[in-house]
$ cat protein-v8.txt   # compact mmCIF, C-alpha atoms and all ligand atoms
# COMPACT_ATOMS: atom_id res chain seq x y z
CA ILE A 4 -77.12 54.38 62.08
CA ASP A 5 -74.46 56.63 63.49
CA ASP A 6 -74.74 59.82 61.50
CA SER A 7 -72.60 61.96 63.78
CA ASN A 8 -69.99 62.41 61.03
CA PHE A 9 -72.52 63.64 58.51
CA VAL A 10 -72.21 67.14 57.15
CA THR A 11 -74.16 69.10 54.57
CA ARG A 12 -72.73 68.57 51.11
CA PRO A 13 -73.09 70.78 48.03
CA PRO A 14 -75.77 69.82 45.50
CA VAL A 15 -74.77 68.08 42.27
CA VAL A 16 -76.65 69.54 39.34
CA THR A 17 -76.80 67.89 35.93
CA ILE A 18 -77.48 69.95 32.82
CA MET A 19 -79.41 68.11 30.14
CA GLY A 20 -81.17 69.05 26.96
CA HIS A 21 -81.37 68.78 23.20
CA VAL A 22 -78.23 69.10 21.09
CA ASP A 23 -77.00 72.69 20.66
CA HIS A 24 -79.55 74.21 23.04
CA GLY A 25 -76.63 75.75 24.93
CA LYS A 26 -75.80 73.43 27.88
CA THR A 27 -72.04 73.82 27.57
CA SER A 28 -72.25 77.55 26.82
CA LEU A 29 -74.40 78.08 29.88
CA LEU A 30 -71.97 76.16 32.11
CA ASP A 31 -69.01 78.04 30.68
CA LYS A 32 -70.76 81.33 31.38
CA ILE A 33 -71.64 80.32 34.94
CA ARG A 34 -68.07 79.21 35.50
CA SER A 35 -66.48 82.38 34.18
CA ALA A 36 -68.92 84.49 36.22
CA LYS A 37 -68.49 82.58 39.48
CA VAL A 38 -64.91 81.37 39.61
CA ALA A 39 -62.61 84.13 40.80
CA LYS A 40 -60.32 85.46 38.10
CA GLY A 41 -56.68 84.50 38.52
CA GLU A 42 -57.70 81.49 40.54
CA ALA A 43 -58.64 79.53 37.47
CA GLY A 44 -55.68 78.68 35.30
CA GLY A 45 -57.74 76.44 33.09
CA ILE A 46 -60.79 78.61 32.75
CA THR A 47 -60.72 78.71 28.96
CA GLN A 48 -60.45 74.96 28.73
CA HIS A 49 -63.76 73.17 28.88
CA ILE A 50 -64.30 70.51 31.51
CA SER A 51 -67.44 68.54 32.05
CA ALA A 52 -67.81 69.00 35.81
CA TYR A 53 -66.87 71.74 38.23
CA THR A 54 -67.90 73.51 41.42
CA VAL A 55 -68.87 77.17 41.70
CA ASP A 56 -69.46 79.42 44.65
CA GLN A 57 -72.74 81.32 44.86
CA ASN A 58 -72.51 83.78 47.79
CA GLY A 59 -70.60 81.31 49.93
CA GLN A 60 -72.60 78.24 48.96
CA LYS A 61 -71.17 75.65 46.61
CA ILE A 62 -72.86 74.02 43.63
CA THR A 63 -71.32 71.29 41.49
CA PHE A 64 -72.35 71.15 37.84
CA VAL A 65 -72.13 68.24 35.43
CA ASP A 66 -72.50 68.73 31.69
CA THR A 67 -73.96 66.10 29.38
CA PRO A 68 -73.87 65.94 25.59
CA GLY A 69 -77.18 66.35 23.78
CA HIS A 70 -76.44 63.91 21.00
CA ALA A 71 -78.82 60.94 20.68
CA ALA A 72 -75.95 58.47 21.04
CA PHE A 73 -75.47 59.55 24.64
CA SER A 74 -78.85 58.37 25.80
CA GLU A 75 -77.33 55.79 28.12
CA MET A 76 -75.09 58.35 29.76
CA ARG A 77 -78.06 60.61 30.33
CA SER A 78 -79.97 57.84 32.06
CA ARG A 79 -76.93 57.09 34.26
CA GLY A 80 -76.33 60.79 34.78
CA THR A 81 -79.54 61.07 36.74
CA GLU A 82 -78.08 58.73 39.38
CA ILE A 83 -75.36 61.12 40.49
CA THR A 84 -77.70 64.07 40.46
CA ASP A 85 -79.57 65.99 43.13
CA VAL A 86 -81.15 68.58 40.86
CA ILE A 87 -81.70 68.42 37.09
CA ILE A 88 -81.63 71.46 34.83
CA ILE A 89 -83.37 70.92 31.52
CA VAL A 90 -82.08 73.45 29.01
CA VAL A 91 -84.49 74.38 26.22
CA ALA A 92 -83.47 76.89 23.57
CA GLY A 93 -86.10 79.63 23.60
CA ASP A 94 -86.06 79.91 19.82
CA ASP A 95 -86.15 76.18 19.10
CA GLY A 96 -88.47 74.80 21.76
CA VAL A 97 -88.98 71.18 22.78
CA LYS A 98 -87.08 68.67 20.59
CA PRO A 99 -86.58 64.86 20.68
CA GLN A 100 -83.73 64.87 23.21
CA THR A 101 -85.68 67.34 25.35
CA GLU A 102 -88.46 64.75 25.53
CA GLU A 103 -86.03 62.00 26.38
CA VAL A 104 -84.50 64.13 29.13
CA ILE A 105 -87.94 64.92 30.55
CA SER A 106 -88.66 61.22 30.97
CA HIS A 107 -85.25 60.51 32.58
CA ALA A 108 -85.69 63.49 34.87
CA LYS A 109 -89.19 62.46 35.95
CA ALA A 110 -88.08 58.87 36.56
CA SER A 111 -85.20 60.09 38.75
CA GLY A 112 -87.52 61.86 41.17
CA CYS A 113 -85.05 64.78 41.38
CA PRO A 114 -86.29 68.36 41.48
CA ILE A 115 -86.30 69.76 37.94
CA ILE A 116 -85.68 73.34 36.85
CA VAL A 117 -86.23 74.41 33.26
CA ALA A 118 -83.72 76.94 31.95
CA VAL A 119 -85.06 78.57 28.81
CA ASN A 120 -81.84 79.60 27.10
CA LYS A 121 -80.97 81.99 24.24
CA MET A 122 -83.42 84.60 25.60
CA ASP A 123 -81.14 87.24 24.04
CA LYS A 124 -82.47 86.18 20.66
CA GLU A 125 -85.31 88.11 19.08
CA SER A 126 -87.00 84.85 18.09
CA ALA A 127 -86.92 83.41 21.64
CA ASN A 128 -90.41 82.76 22.99
CA MET A 129 -90.84 81.84 26.66
CA ASP A 130 -94.59 81.24 26.35
CA MET A 131 -94.12 78.84 23.45
CA VAL A 132 -91.65 76.79 25.52
CA LYS A 133 -93.93 76.85 28.56
CA ALA A 134 -96.88 75.64 26.47
CA GLN A 135 -94.83 72.83 24.92
CA MET A 136 -93.53 71.75 28.32
CA ALA A 137 -96.99 71.99 29.93
CA GLU A 138 -98.28 69.57 27.28
CA ARG A 139 -95.68 67.12 28.61
CA GLU A 140 -96.77 67.49 32.22
CA MET A 141 -94.06 70.00 33.04
CA THR A 142 -96.40 72.80 34.02
CA PRO A 143 -94.79 76.11 35.05
CA VAL A 144 -95.36 77.43 38.58
CA ASP A 145 -96.99 80.58 37.21
CA TRP A 146 -99.44 78.40 35.25
CA GLY A 147 -100.48 76.51 38.38
CA GLY A 148 -97.89 73.75 38.13
CA ASP A 149 -94.75 73.03 40.13
CA VAL A 150 -91.88 73.51 37.68
CA GLU A 151 -89.73 76.65 37.82
CA PHE A 152 -88.94 78.15 34.41
CA ILE A 153 -86.05 80.59 34.32
CA GLY A 154 -85.15 82.63 31.27
CA VAL A 155 -81.39 82.74 30.72
CA SER A 156 -78.81 83.70 28.14
CA ALA A 157 -75.45 82.00 28.00
CA HIS A 158 -74.28 84.89 25.86
CA THR A 159 -75.29 87.87 28.02
CA GLY A 160 -75.39 86.10 31.39
CA MET A 161 -78.97 87.18 32.02
CA GLY A 162 -80.90 85.02 34.50
CA ILE A 163 -77.86 83.14 35.79
CA ASP A 164 -78.11 84.46 39.36
CA ASP A 165 -81.80 83.57 39.37
CA LEU A 166 -80.95 80.08 38.24
CA LEU A 167 -78.27 79.57 40.90
CA GLU A 168 -80.48 80.93 43.70
CA ASN A 169 -83.23 78.58 42.57
CA ILE A 170 -80.88 75.61 42.63
CA LEU A 171 -79.85 76.48 46.20
CA LEU A 172 -83.49 76.82 47.28
CA GLN A 173 -84.40 73.42 45.85
CA SER A 174 -81.36 71.70 47.33
CA GLU A 175 -81.91 73.14 50.80
CA VAL A 176 -85.17 71.21 50.94
CA LEU A 177 -83.31 67.99 50.07
CA GLU A 178 -81.08 68.29 53.18
CA LEU A 179 -78.12 66.69 51.43
CA LYS A 180 -75.76 65.04 53.88
CA ALA A 181 -72.71 62.82 53.60
CA ASP A 182 -69.79 61.58 55.68
CA PRO A 183 -66.38 62.99 54.72
CA SER A 184 -64.61 60.37 56.85
CA ALA A 185 -66.23 57.42 55.07
CA LYS A 186 -64.55 55.30 52.41
CA ALA A 187 -64.73 57.25 49.15
CA LYS A 188 -67.67 56.58 46.86
CA GLY A 189 -68.47 58.42 43.68
CA ALA A 190 -69.05 58.19 39.96
CA VAL A 191 -67.15 58.57 36.73
CA VAL A 192 -68.50 61.55 34.83
CA GLU A 193 -66.18 61.26 31.86
CA SER A 194 -63.11 59.26 30.88
CA LEU A 195 -60.45 59.05 28.23
CA LEU A 196 -57.08 57.58 27.40
CA GLU A 197 -54.44 60.28 27.40
CA LYS A 198 -51.15 59.76 25.61
CA GLY A 199 -48.34 59.46 28.12
CA ARG A 200 -50.70 59.61 31.13
CA GLY A 201 -52.88 56.55 30.60
CA PRO A 202 -56.54 56.31 31.60
CA VAL A 203 -57.96 59.57 33.00
CA ALA A 204 -61.30 59.53 34.82
CA THR A 205 -63.24 62.64 35.79
CA ILE A 206 -64.70 61.59 39.12
CA ILE A 207 -67.31 63.18 41.33
CA VAL A 208 -67.18 62.30 45.03
CA GLN A 209 -70.57 61.52 46.57
CA ASN A 210 -69.44 60.26 49.95
CA GLY A 211 -66.18 60.18 51.84
CA THR A 212 -62.91 61.71 50.66
CA LEU A 213 -60.94 60.42 47.67
CA LYS A 214 -57.19 60.58 48.30
CA VAL A 215 -54.02 59.99 46.34
CA GLY A 216 -52.97 56.44 47.24
CA ASP A 217 -56.53 55.09 47.60
CA ASN A 218 -57.25 51.79 45.90
CA ILE A 219 -60.37 52.23 43.81
CA VAL A 220 -62.69 50.19 41.63
CA CYS A 221 -64.68 51.80 38.81
CA ASP A 222 -66.96 49.12 37.41
CA THR A 223 -64.54 46.66 35.76
CA THR A 224 -61.43 48.83 36.14
CA TYR A 225 -59.21 49.32 39.18
CA GLY A 226 -56.05 51.01 40.34
CA ARG A 227 -54.22 52.99 42.97
CA VAL A 228 -54.87 56.72 42.65
CA LYS A 229 -51.56 58.11 41.38
CA ALA A 230 -52.48 61.77 41.00
CA ILE A 231 -55.53 64.04 41.14
CA THR A 232 -56.06 67.39 39.45
CA ASN A 233 -59.01 69.44 40.60
CA ASP A 234 -61.62 71.24 38.46
CA GLN A 235 -59.20 74.17 38.13
CA GLY A 236 -56.49 71.95 36.72
CA LYS A 237 -54.39 72.12 39.89
CA PRO A 238 -52.73 69.05 41.42
CA VAL A 239 -54.39 68.17 44.74
CA LYS A 240 -53.99 65.43 47.34
CA GLN A 241 -57.71 64.74 47.73
CA LEU A 242 -61.27 65.47 46.60
CA GLY A 243 -64.00 66.15 49.15
CA LEU A 244 -67.78 65.89 49.08
CA SER A 245 -69.36 66.81 45.73
CA GLU A 246 -65.95 67.81 44.37
CA THR A 247 -64.76 66.75 40.95
CA GLY A 248 -61.36 66.19 39.43
CA ASN A 249 -59.30 64.09 37.05
CA VAL A 250 -57.92 60.92 38.54
CA LEU A 251 -54.89 58.98 37.24
CA GLY A 252 -53.90 55.43 38.08
CA LEU A 253 -56.65 53.15 36.71
CA ASN A 254 -55.58 50.11 34.71
CA GLU A 255 -58.09 50.80 31.94
CA VAL A 256 -60.52 53.51 30.84
CA PRO A 257 -63.76 53.11 32.85
CA VAL A 258 -67.15 53.73 31.21
CA SER A 259 -68.69 57.07 32.03
CA GLY A 260 -71.35 56.64 34.64
CA ALA A 261 -69.39 53.87 36.39
CA VAL A 262 -69.65 53.78 40.17
CA MET A 263 -66.34 54.42 41.96
CA VAL A 264 -65.68 52.78 45.33
CA ALA A 265 -62.48 52.84 47.39
CA GLN A 266 -61.34 49.46 48.74
CA ASP A 267 -59.20 48.42 51.70
CA SER A 268 -56.34 47.02 49.61
CA ASP A 269 -55.04 46.82 46.07
CA LYS A 270 -55.67 43.07 46.16
CA GLU A 271 -59.33 43.60 46.97
CA ALA A 272 -59.72 46.25 44.29
CA ARG A 273 -58.11 44.03 41.66
CA GLU A 274 -60.23 41.03 42.62
CA ILE A 275 -63.52 42.91 42.49
CA ALA A 276 -62.74 44.52 39.14
CA THR A 277 -61.38 41.40 37.45
CA THR A 278 -64.32 39.28 38.63
CA ARG A 279 -66.68 41.87 37.19
CA ALA A 280 -64.74 42.01 33.95
CA GLU A 281 -64.95 38.22 33.64
CA HIS A 282 -68.70 38.26 34.26
CA ALA A 283 -69.12 41.01 31.68
CA ARG A 284 -67.15 38.99 29.13
CA ALA A 285 -69.16 35.84 29.83
CA LYS A 286 -72.38 37.80 29.40
CA GLU A 287 -71.20 39.23 26.07
CA LEU A 288 -70.21 35.77 24.93
CA SER A 289 -73.58 34.22 25.78
CA LYS A 290 -75.29 37.12 24.00
CA SER A 291 -73.33 36.57 20.80
CA THR A 292 -73.88 32.79 21.01
CA LYS A 293 -77.63 33.37 21.27
CA VAL A 294 -77.58 35.68 18.28
CA SER A 295 -75.68 33.20 16.16
CA LEU A 296 -78.13 30.41 17.06
CA GLU A 297 -81.15 32.42 15.98
P1 LIG A 301 -74.27 69.72 22.68
O1 LIG A 301 -73.32 69.48 23.81
O2 LIG A 301 -73.64 69.47 21.35
O3 LIG A 301 -75.55 69.00 22.84
O4 LIG A 301 -74.62 71.30 22.61
P2 LIG A 301 -74.86 72.30 23.84
O5 LIG A 301 -76.24 72.16 24.34
O6 LIG A 301 -73.77 72.15 24.81
O7 LIG A 301 -74.80 73.71 23.11
P3 LIG A 301 -73.55 74.67 22.95
O8 LIG A 301 -73.22 75.30 24.24
O9 LIG A 301 -72.51 73.92 22.24
O10 LIG A 301 -74.16 75.83 22.05
C1 LIG A 301 -74.65 75.58 20.75
C2 LIG A 301 -74.69 76.87 19.98
O11 LIG A 301 -75.65 77.76 20.53
C3 LIG A 301 -73.36 77.62 19.96
O12 LIG A 301 -73.18 78.17 18.68
C4 LIG A 301 -73.57 78.72 20.99
O13 LIG A 301 -72.81 79.87 20.74
C5 LIG A 301 -75.06 79.01 20.84
N1 LIG A 301 -75.65 79.52 22.08
C6 LIG A 301 -75.58 78.93 23.29
N2 LIG A 301 -76.20 79.66 24.21
C7 LIG A 301 -76.66 80.77 23.58
C8 LIG A 301 -77.38 81.93 24.02
O14 LIG A 301 -77.74 82.11 25.18
N3 LIG A 301 -77.70 82.85 23.06
C9 LIG A 301 -77.34 82.69 21.77
N4 LIG A 301 -77.70 83.65 20.93
N5 LIG A 301 -76.66 81.62 21.32
C10 LIG A 301 -76.32 80.68 22.21
NA NA A 302 -73.00 71.94 20.69
MG MG A 303 -72.32 70.65 25.02
$ encode --input "protein-v8.txt" --output "structure tokens"
Amino acid sequence: IDDSNFVTRPPVVTIMGHVDHGKTSLLDKIRSAKVAKGEAGGITQHISAYTVDQNGQKITFVDTPGHAAFSEMRSRGTEITDVIIIVVAGDDGVKPQTEEVISHAKASGCPIIVAVNKMDKESANMDMVKAQMAEREMTPVDWGGDVEFIGVSAHTGMGIDDLLENILLQSEVLELKADPSAKAKGAVVESLLEKGRGPVATIIVQNGTLKVGDNIVCDTTYGRVKAITNDQGKPVKQLGLSETGNVLGLNEVPVSGAVMVAQDSDKEAREIATTRAEHARAKELSKSTKVSLE
């Protein structure tokens, strides 16, 4: 293959963990610490994916909800990910969704970092968490294993630089490369129907460059990209490698985790998506027929 157009791309890091262990708080803290003040109009508003700058190197973060109902999204989330951060609350320890996340993370083959959060709390106990994780074959480096454990606090900001430096170290080894001139490919991180704006998809670009005017397919949905706002809420003409933003122009709301691919024409995009939608409907129908026959 001709890889002359390939450049190093920033790592995509997914934050996973049990409900309320502090995933979103940690991301909000990282964002407020690392995005230059004044630059970020929408810094108070939470978004599920954004890029930060750590001493000139970029890292893109993706948040996931800890609720049990989001199991499917967590399993798909591993597909867009280069590095996985498992957040464990230092006072609460390993819980059911932590265990689920461990198995997704192991299956993905991605490097895993454990962030032991809420270390500002008196009741936080790093050794307890390490012991619980070691029992699940997630043995800390300082116990002879290969998993980095980093104590952090989303409230005080402690440990965050350590965490970011560790992410950069792990991703360097991965030698992440992609082609910015290729046809855009990516994934839907989150989606919703917004009154007056229609379907909005938060998309992360994994290869190529996504531009306003591109004809895209996201699973069974399609459309011409009408507008893009970046992770700072600013209107932009395009999203580059590992960048995220909200995309308008799809005909329907795509499922989160859907693969996004740019096509050569609107006709092609429509055909691919509608054929998929028909197949999906036929599959549903045969499922319900089977159930009713049983
Ligand atoms: P889900 O998305 O619902 O799974 O939760 P989450 O993991 O995103 O946790 P979230 O950030 O919503 O935090 C849950 C609670 O823990 C909130 O009340 C936070 O204020 C608190 N919390 C988060 N991080 C810390 C921390 O470092 N220290 C302390 N003391 N509290 C924290
Ligand atoms: Na929460
Ligand atoms: Mg959250």
$ residues_near_ligand --input "protein-v8.txt" --ligand "ligand NA 302 (chain A)" --cutoff "12 Å" --atoms "all atoms listed in the file" --output "PDB file with C-alpha atoms, in the coordinates of the input"
ATOM      1  CA  GLY A  20     -81.170  69.050  26.960  1.00  0.00           C
ATOM      2  CA  HIS A  21     -81.370  68.780  23.200  1.00  0.00           C
ATOM      3  CA  VAL A  22     -78.230  69.100  21.090  1.00  0.00           C
ATOM      4  CA  ASP A  23     -77.000  72.690  20.660  1.00  0.00           C
ATOM      5  CA  HIS A  24     -79.550  74.210  23.040  1.00  0.00           C
ATOM      6  CA  GLY A  25     -76.630  75.750  24.930  1.00  0.00           C
ATOM      7  CA  LYS A  26     -75.800  73.430  27.880  1.00  0.00           C
ATOM      8  CA  THR A  27     -72.040  73.820  27.570  1.00  0.00           C
ATOM      9  CA  SER A  28     -72.250  77.550  26.820  1.00  0.00           C
ATOM     10  CA  LEU A  29     -74.400  78.080  29.880  1.00  0.00           C
ATOM     11  CA  ASP A  66     -72.500  68.730  31.690  1.00  0.00           C
ATOM     12  CA  THR A  67     -73.960  66.100  29.380  1.00  0.00           C
ATOM     13  CA  PRO A  68     -73.870  65.940  25.590  1.00  0.00           C
ATOM     14  CA  GLY A  69     -77.180  66.350  23.780  1.00  0.00           C
ATOM     15  CA  HIS A  70     -76.440  63.910  21.000  1.00  0.00           C
ATOM     16  CA  ALA A  92     -83.470  76.890  23.570  1.00  0.00           C
TER      17      ALA A  92
END
$ residues_around --input "protein-v8.txt" --residues "Ile88 of chain A" --least-positions-apart "6" --cutoff "8 Å" --atoms "all atoms listed in the file" --output "ChimeraX atom specification"
/A:16-19,115-118
$ closest_residue --input "protein-v8.txt" --among "A:Gln60, A:Leu172, A:Val90, A:Thr84" --to "ligand MG 303 (chain A)" --atoms "all atoms listed in the file"
A:Val90
$ atom_distance --input "protein-v8.txt" --atom1 "atom CA of Asp95 of chain A" --atom2 "atom CA of Ala71 of chain A"
17.0 Å
$ residues_around --input "protein-v8.txt" --residues "Ala187 of chain A" --least-positions-apart "2" --cutoff "10 Å" --atoms "only C-alpha atoms" --output "short mmCIF file (atom, residue, chain, number, x, y, z; two decimals) with C-alpha atoms, keeping the file's coordinate frame"
data_model
loop_
_atom_site.label_atom_id
_atom_site.label_comp_id
_atom_site.auth_asym_id
_atom_site.auth_seq_id
_atom_site.Cartn_x
_atom_site.Cartn_y
_atom_site.Cartn_z
CA ASP A 182 -69.79 61.58 55.68
CA PRO A 183 -66.38 62.99 54.72
CA SER A 184 -64.61 60.37 56.85
CA ALA A 185 -66.23 57.42 55.07
CA GLY A 189 -68.47 58.42 43.68
CA VAL A 208 -67.18 62.30 45.03
CA GLN A 209 -70.57 61.52 46.57
CA ASN A 210 -69.44 60.26 49.95
CA GLY A 211 -66.18 60.18 51.84
CA THR A 212 -62.91 61.71 50.66
CA LEU A 213 -60.94 60.42 47.67
CA LYS A 214 -57.19 60.58 48.30
CA ASP A 217 -56.53 55.09 47.60
CA ASN A 218 -57.25 51.79 45.90
CA ILE A 219 -60.37 52.23 43.81
CA LEU A 242 -61.27 65.47 46.60
CA GLY A 243 -64.00 66.15 49.15
CA LEU A 244 -67.78 65.89 49.08
CA MET A 263 -66.34 54.42 41.96
CA VAL A 264 -65.68 52.78 45.33
CA ALA A 265 -62.48 52.84 47.39
CA GLN A 266 -61.34 49.46 48.74
#
$ closest_residue --input "protein-v8.txt" --among "A:Val119, A:Ile87, A:Ile105, A:Ala230" --to "ligand LIG 301 (chain A)" --atoms "all atoms listed in the file"
A:Val119
$ closest_residue --input "protein-v8.txt" --among "A:Gln100, A:Pro143, A:Asp164, A:Ala127" --to "Gln57 of chain A" --atoms "all atoms listed in the file"
A:Asp164
$ decode --input "protein-v8.txt" --residues "segment 189-210 of chain A" --atoms "N, CA and C atoms" --output "mmCIF file, in the first residue's frame"
data_model
loop_
_atom_site.group_PDB
_atom_site.id
_atom_site.type_symbol
_atom_site.label_atom_id
_atom_site.label_comp_id
_atom_site.auth_asym_id
_atom_site.auth_seq_id
_atom_site.Cartn_x
_atom_site.Cartn_y
_atom_site.Cartn_z
ATOM 1 N N GLY A 189 -15.330 7.499 10.114
ATOM 2 C CA GLY A 189 -15.352 7.796 11.543
ATOM 3 C C GLY A 189 -16.441 7.042 12.251
ATOM 4 N N ALA A 190 -16.872 7.564 13.379
ATOM 5 C CA ALA A 190 -17.908 6.894 14.160
ATOM 6 C C ALA A 190 -18.775 7.920 14.869
ATOM 7 N N VAL A 191 -20.015 7.518 15.091
ATOM 8 C CA VAL A 191 -20.943 8.363 15.830
ATOM 9 C C VAL A 191 -20.774 8.071 17.310
ATOM 10 N N VAL A 192 -20.425 9.104 18.065
ATOM 11 C CA VAL A 192 -20.206 8.945 19.494
ATOM 12 C C VAL A 192 -21.523 9.117 20.249
ATOM 13 N N GLU A 193 -22.333 10.023 19.747
ATOM 14 C CA GLU A 193 -23.586 10.369 20.410
ATOM 15 C C GLU A 193 -24.493 10.993 19.362
ATOM 16 N N SER A 194 -25.811 10.899 19.587
ATOM 17 C CA SER A 194 -26.725 11.504 18.616
ATOM 18 C C SER A 194 -28.021 11.892 19.294
ATOM 19 N N LEU A 195 -28.694 12.862 18.689
ATOM 20 C CA LEU A 195 -29.990 13.269 19.228
ATOM 21 C C LEU A 195 -30.765 14.033 18.168
ATOM 22 N N LEU A 196 -32.059 14.183 18.423
ATOM 23 C CA LEU A 196 -32.896 14.978 17.541
ATOM 24 C C LEU A 196 -33.096 16.324 18.205
ATOM 25 N N GLU A 197 -32.635 17.378 17.545
ATOM 26 C CA GLU A 197 -32.751 18.703 18.143
ATOM 27 C C GLU A 197 -33.851 19.485 17.444
ATOM 28 N N LYS A 198 -34.722 20.048 18.264
ATOM 29 C CA LYS A 198 -35.843 20.846 17.724
ATOM 30 C C LYS A 198 -35.304 21.942 16.817
ATOM 31 N N GLY A 199 -35.837 22.020 15.619
ATOM 32 C CA GLY A 199 -35.462 23.089 14.699
ATOM 33 C C GLY A 199 -34.183 22.821 13.929
ATOM 34 N N ARG A 200 -33.371 21.844 14.389
ATOM 35 C CA ARG A 200 -32.104 21.561 13.694
ATOM 36 C C ARG A 200 -32.088 20.168 13.073
ATOM 37 N N GLY A 201 -32.978 19.300 13.570
ATOM 38 C CA GLY A 201 -33.031 17.939 13.052
ATOM 39 C C GLY A 201 -32.007 17.049 13.727
ATOM 40 N N PRO A 202 -31.675 15.903 13.083
ATOM 41 C CA PRO A 202 -30.726 14.974 13.686
ATOM 42 C C PRO A 202 -29.339 15.610 13.855
ATOM 43 N N VAL A 203 -28.762 15.459 15.027
ATOM 44 C CA VAL A 203 -27.409 15.940 15.300
ATOM 45 C C VAL A 203 -26.569 14.730 15.704
ATOM 46 N N ALA A 204 -25.444 14.538 15.043
ATOM 47 C CA ALA A 204 -24.560 13.417 15.380
ATOM 48 C C ALA A 204 -23.203 13.958 15.819
ATOM 49 N N THR A 205 -22.752 13.544 16.993
ATOM 50 C CA THR A 205 -21.381 13.853 17.404
ATOM 51 C C THR A 205 -20.490 12.797 16.767
ATOM 52 N N ILE A 206 -19.622 13.262 15.870
ATOM 53 C CA ILE A 206 -18.812 12.326 15.082
ATOM 54 C C ILE A 206 -17.337 12.503 15.389
ATOM 55 N N ILE A 207 -16.641 11.378 15.436
ATOM 56 C CA ILE A 207 -15.190 11.411 15.591
ATOM 57 C C ILE A 207 -14.570 10.891 14.291
ATOM 58 N N VAL A 208 -13.613 11.637 13.770
ATOM 59 C CA VAL A 208 -12.999 11.282 12.483
ATOM 60 C C VAL A 208 -11.795 10.372 12.729
ATOM 61 N N GLN A 209 -11.815 9.200 12.138
ATOM 62 C CA GLN A 209 -10.709 8.245 12.320
ATOM 63 C C GLN A 209 -9.749 8.241 11.150
ATOM 64 N N ASN A 210 -10.274 8.573 9.974
ATOM 65 C CA ASN A 210 -9.410 8.654 8.793
ATOM 66 C C ASN A 210 -9.978 9.711 7.852
#
